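First comes the structure, then the notes that go with it.
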Amino acid sequence: MTHRTLITGGIVFSMDPEIGDLPRGDVLIEDSRIVAVGERVDARDAQRIDATNRIVMPGLIDTHRHLWQSSVRQVAADWTIGQYVEGMLGGLGPRFTAEDVRIANLLGSLEALNGGVTTVFDWSHIMNSPEHADAAVQGLRESGIRGIFGYGAPGSPAAPWYGDDVSRVRSTYFSSDDQRLTMALASLGPEFSSVDETVTDLALARSLDLRTSLHLGVGLLGQQRSITAMDDRHLLGPDVIYVHCNTCTDGELRRIADTGGHVSISPRVEMQMGHGYPATGRLIAAGVQPSLSVDVVSGVGGSLFAEMRGTLEAERGEQNRLALERGEWTDSLALTTRDAVRMATLEGARTLGLEESIGSLTPGKQADILLLQVDLANLFLVNDLAAAVTLADSENVDTVFVGGRLVKAAGRLLSHDMRSVQDTARASRDRLLPGLTLTQPRPVSAA
Ligand SMILES: [Zn+2]
């Protein structure tokens with residue numbers, strides 16, 4: 001039997017160019033899909049959800065997040081990239097058991113859903129053993145989030161079982177690409193392994209029909225001209241997601257555009273850790289529309305609303321700084337709040353190759369839908385819809401659907417015993433953190 005839900009009387013922010021914004025509108029869900037969006041949708045047999053004082057919009061899409069670090073949140077909040085590589089990847093990473101990864105993925109996915117992120121690319125470079133991959137997938141599954149599991153090696157060179165295990169996980173859990181969780185390869189890429197290993201990784205991913213995500217253009221490492229090196233080996237393509245790209249040249253960014261590649265940027269982590277200035281404006285000028293990602297949840301937390309704001313602030317700061325250098329005033333801002341919302345929805349879907357199924361409130365797409373409560377202290381009154389969304393946060397995320405399934409209602413996550421999840425996460429954290437020291441100096445914070 002089909003199940004129909006009518007979300008009625010909300011402010012509809014569809015992100016669909018044909019539908020646009022509706023000051024008062026209805027969205028009809030049938031099972032997992034959106035079947036109608038309009039000012040009035042007649043569906044007398046449907047269960048009704050009153051969306052008065054709610055913005056109704058597509059779920060947010062995070063195209064690169066290291067969920068496995070969710071139980072050690074805040075640890076990296078004052079770290080540079082050198083300290084992160086030493087403390088997180090070198091220090092904490094090897095301590096992670098498979099169960100530590102499962103509970104972190106569950107905790108982090110619930111954080112994402114609570115904050116309106118209905119799809120996450122889990123950049124999971126924590127495969128200390130094949131069991132870690134099983135556990136990571138398990139945590140994602142338990143949460144109810146839509147996701148891409150990015151299988152990643154923790155370091156270079158990868159373990160001898162790595163390639164076989166990528167194939168095993170592909171056939172065991174992801175035999176269909178038409179399911180809520182799908183798979184990609186999280187390659188360390190030329191800057192964190194080598195060009196030769198990147199060649200091997202891309203061949204492996206392409207043999208399994210998987211997208212590949214890799215970090216590059218990262219600080220001084222980006223000066224190796226990674227895109228150029230990959231281009232020389234004919235590796236660029238529309239199945240590659242390039243993460244960061246801060247110190248790529250404009251010419252390299254144009255090569256990404258020319259070859260149909262995708263870019264995920266994480267401006268807050270990039271500005272904190274020393275990746276270089278966020279490449280937002282340079283990417284757009286080169287013909288690439290970037291998507292957004294939180295990246296290091298253990299540093300900047302899990303809010304994609306904050307990432308929208310960080311992206312706007314960084315790009316606007318740069319535009320204004322350059323104008324001042326020329327002795328001019330900026331007469332209009334190049335990057336708008338609507339652009340930021342698009343990056344966090346439609347561009348995220350395009351980056352992940354899911355634009356046919358998510359990213360906007362379009363009939364036929366999956367019902368990944370948020371209701372943002374606007375009659376709270378921070379958002380009452382709404383005078384500009386896109387701006388209101390960028391200024392929202394988890395407190396405004398009242399209702400969340402993933403594929404038509406209600407995962408948050410009346411401001412509370414459903415289907416999970418949060419106390420039990422938190423108890424397990426605390427026990428994991430208590431095993432992981434003691435005795436962590438860094439050789440590089442770092443600020444000492446109060447306990
Ligand atoms: Zn990352």
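In the structure tokens, the first chain shown is A, the next is B, and so on; residue numbers restart at 1 for each chain, and ligands run from 1 in the order shown.
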
Could you produce a table of the residues of chain A lying within 7 Å of ligand 1, with the nearest pair of atoms per residue and their separation in Å rounded to one decimal, using only C-alpha atoms and all ligand atoms, ordered by chain and increasing residue number, as a Markdown table?
```
| residue | atom | partner | partner_atom_place_in_ligand_line | distance |
| --- | --- | --- | --- | --- |
| A:His64 | CA | ligand 1 | 1 (Zn) | 6.4 |
| A:Arg65 | CA | ligand 1 | 1 (Zn) | 6.4 |
| A:His66 | CA | ligand 1 | 1 (Zn) | 6.4 |
| A:Trp123 | CA | ligand 1 | 1 (Zn) | 7.0 |
| A:His215 | CA | ligand 1 | 1 (Zn) | 6.6 |
| A:Asp295 | CA | ligand 1 | 1 (Zn) | 4.7 |
| A:Val296 | CA | ligand 1 | 1 (Zn) | 6.1 |
```

Put those residues in a file: N, CA and C atoms, as an mmCIF file, in the first residue's frame.
```
data_model
loop_
_atom_site.group_PDB
_atom_site.id
_atom_site.type_symbol
_atom_site.label_atom_id
_atom_site.label_comp_id
_atom_site.auth_asym_id
_atom_site.auth_seq_id
_atom_site.Cartn_x
_atom_site.Cartn_y
_atom_site.Cartn_z
ATOM 1 N N HIS A 64 31.956 15.664 1.852
ATOM 2 C CA HIS A 64 33.238 15.159 2.385
ATOM 3 C C HIS A 64 33.294 15.414 3.888
ATOM 4 N N ARG A 65 33.140 14.347 4.645
ATOM 5 C CA ARG A 65 33.148 14.484 6.103
ATOM 6 C C ARG A 65 33.764 13.222 6.680
ATOM 7 N N HIS A 66 34.701 13.391 7.616
ATOM 8 C CA HIS A 66 35.361 12.234 8.232
ATOM 9 C C HIS A 66 34.566 11.828 9.470
ATOM 10 N N TRP A 123 34.024 10.184 4.297
ATOM 11 C CA TRP A 123 35.413 10.022 3.813
ATOM 12 C C TRP A 123 36.160 9.223 4.890
ATOM 13 N N HIS A 215 41.981 14.382 -1.736
ATOM 14 C CA HIS A 215 42.355 15.713 -1.259
ATOM 15 C C HIS A 215 43.552 16.197 -2.076
ATOM 16 N N ASP A 295 34.260 18.426 6.485
ATOM 17 C CA ASP A 295 35.603 17.845 6.559
ATOM 18 C C ASP A 295 35.889 17.308 7.960
ATOM 19 N N VAL A 296 36.709 18.027 8.725
ATOM 20 C CA VAL A 296 37.207 17.524 10.005
ATOM 21 C C VAL A 296 36.186 17.851 11.102
#
```

**OP:** Within range 234-320 of chain A, find each residue whose DSSP state, derived from the backbone, is strand (DSSP E or B), and express the selection as a VMD selection string.
**Re:** chain A and resid 240 to 244 262 to 265 291 to 292 295

Original post:
Interatomic distance between CA of Gly144 in chain A and CA of Leu89 in chain A?
Top reply: 27.3 Å

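Residue nearest Leu436 in chain A within the list A:Met1, A:Leu92, A:Val12, A:Val382: A:Leu92 [criterion: smallest interatomic distance, only C-alpha atoms].
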
Original post:
So which residues touch range 194-208 of chain A within 10 Å, counting only C-alpha atoms, skipping near sequence neighbours fewer than 4 positions away, as a PyMOL selection string?
Top reply: chain A and resi 156-158+163-164+166-167+170-171+183-190+212-214+226+229-230+233-236+239-240

Take the selection from the previous step and output its residues with N, CA and C atoms, as a tab-separated table (two decimals), in the first residue's frame.
```tsv
chain	number	residue	atom	x	y	z
A	156	SER	N	49.90	5.60	3.59
A	156	SER	CA	50.60	5.08	2.41
A	156	SER	C	51.91	4.40	2.84
A	157	PRO	N	52.28	3.23	2.29
A	157	PRO	CA	51.52	2.46	1.31
A	157	PRO	C	50.35	1.74	1.97
A	158	ALA	N	49.32	1.45	1.18
A	158	ALA	CA	48.14	0.76	1.70
A	158	ALA	C	48.50	-0.69	2.04
A	163	GLY	N	43.20	-3.58	-1.84
A	163	GLY	CA	42.48	-3.66	-3.11
A	163	GLY	C	41.40	-4.74	-3.09
A	164	ASP	N	41.76	-5.93	-2.57
A	164	ASP	CA	40.79	-7.02	-2.50
A	164	ASP	C	39.62	-6.65	-1.60
A	166	VAL	N	38.44	-3.60	-0.96
A	166	VAL	CA	37.55	-2.64	-1.64
A	166	VAL	C	36.56	-3.41	-2.51
A	167	SER	N	37.06	-4.42	-3.24
A	167	SER	CA	36.18	-5.24	-4.10
A	167	SER	C	35.17	-6.02	-3.26
A	170	ARG	N	32.47	-3.67	-2.01
A	170	ARG	CA	31.61	-3.31	-3.14
A	170	ARG	C	30.58	-4.41	-3.40
A	171	SER	N	31.03	-5.66	-3.45
A	171	SER	CA	30.09	-6.74	-3.80
A	171	SER	C	29.22	-7.15	-2.62
A	183	MET	N	28.70	3.54	-2.65
A	183	MET	CA	30.12	3.47	-2.31
A	183	MET	C	30.96	4.30	-3.28
A	184	ALA	N	32.10	4.76	-2.78
A	184	ALA	CA	33.10	5.43	-3.61
A	184	ALA	C	34.47	5.06	-3.03
A	185	LEU	N	35.52	5.45	-3.74
A	185	LEU	CA	36.86	5.25	-3.20
A	185	LEU	C	37.37	6.58	-2.65
A	186	ALA	N	37.88	6.56	-1.41
A	186	ALA	CA	38.52	7.73	-0.81
A	186	ALA	C	40.02	7.52	-0.94
A	187	SER	N	40.58	8.03	-2.03
A	187	SER	CA	42.01	7.82	-2.31
A	187	SER	C	42.85	8.88	-1.60
A	188	LEU	N	44.00	8.48	-1.10
A	188	LEU	CA	44.88	9.46	-0.45
A	188	LEU	C	45.40	10.48	-1.46
A	189	GLY	N	45.42	10.11	-2.74
A	189	GLY	CA	45.79	11.07	-3.78
A	189	GLY	C	47.27	11.35	-3.81
A	190	PRO	N	47.71	12.13	-4.81
A	190	PRO	CA	49.15	12.32	-5.02
A	190	PRO	C	49.86	13.02	-3.86
A	212	THR	N	35.84	8.45	-7.36
A	212	THR	CA	37.01	8.60	-6.50
A	212	THR	C	37.05	10.02	-5.96
A	213	SER	N	37.27	10.13	-4.65
A	213	SER	CA	37.46	11.45	-4.03
A	213	SER	C	38.89	11.51	-3.53
A	214	LEU	N	39.56	12.63	-3.74
A	214	LEU	CA	40.92	12.79	-3.20
A	214	LEU	C	41.17	14.22	-2.79
A	226	SER	N	49.57	18.88	-8.43
A	226	SER	CA	48.99	17.54	-8.47
A	226	SER	C	48.06	17.34	-9.66
A	229	ALA	N	50.10	16.76	-12.64
A	229	ALA	CA	50.69	15.41	-12.62
A	229	ALA	C	49.63	14.36	-12.96
A	230	MET	N	48.42	14.53	-12.45
A	230	MET	CA	47.35	13.57	-12.76
A	230	MET	C	46.94	13.68	-14.23
A	233	ARG	N	49.07	11.85	-16.54
A	233	ARG	CA	48.82	10.39	-16.54
A	233	ARG	C	47.39	10.07	-17.00
A	234	HIS	N	46.70	11.06	-17.54
A	234	HIS	CA	45.34	10.88	-18.10
A	234	HIS	C	44.36	10.38	-17.04
A	235	LEU	N	44.45	10.94	-15.84
A	235	LEU	CA	43.61	10.46	-14.73
A	235	LEU	C	42.36	11.31	-14.50
A	236	LEU	N	42.34	12.53	-15.05
A	236	LEU	CA	41.22	13.43	-14.73
A	236	LEU	C	39.95	12.94	-15.41
A	239	ASP	N	34.36	11.37	-13.01
A	239	ASP	CA	34.12	10.50	-11.86
A	239	ASP	C	35.05	10.85	-10.69
A	240	VAL	N	35.73	12.00	-10.76
A	240	VAL	CA	36.67	12.38	-9.70
A	240	VAL	C	36.12	13.59	-8.94
```

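Each of A:Asp178, A:Asp122, A:Asp384, A:Glu270 was checked against Ile81 in chain A using only C-alpha atoms; the smallest atom-to-atom distance is that of A:Glu270.
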
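CA of Gly411 in chain A is positioned 14.0 Å from CA of Ile369 in chain A.
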
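Among the candidate residues A:Ile145, A:Ile256, A:Val300, A:Ile55, the one lying nearest to Phe380 in chain A is A:Ile55, with distances computed using only C-alpha atoms.
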
Subject >> Computed interatomic separation between CA of Cys245 in chain A and CA of Arg225 in chain A (Å) >> reply: 10.4 Å
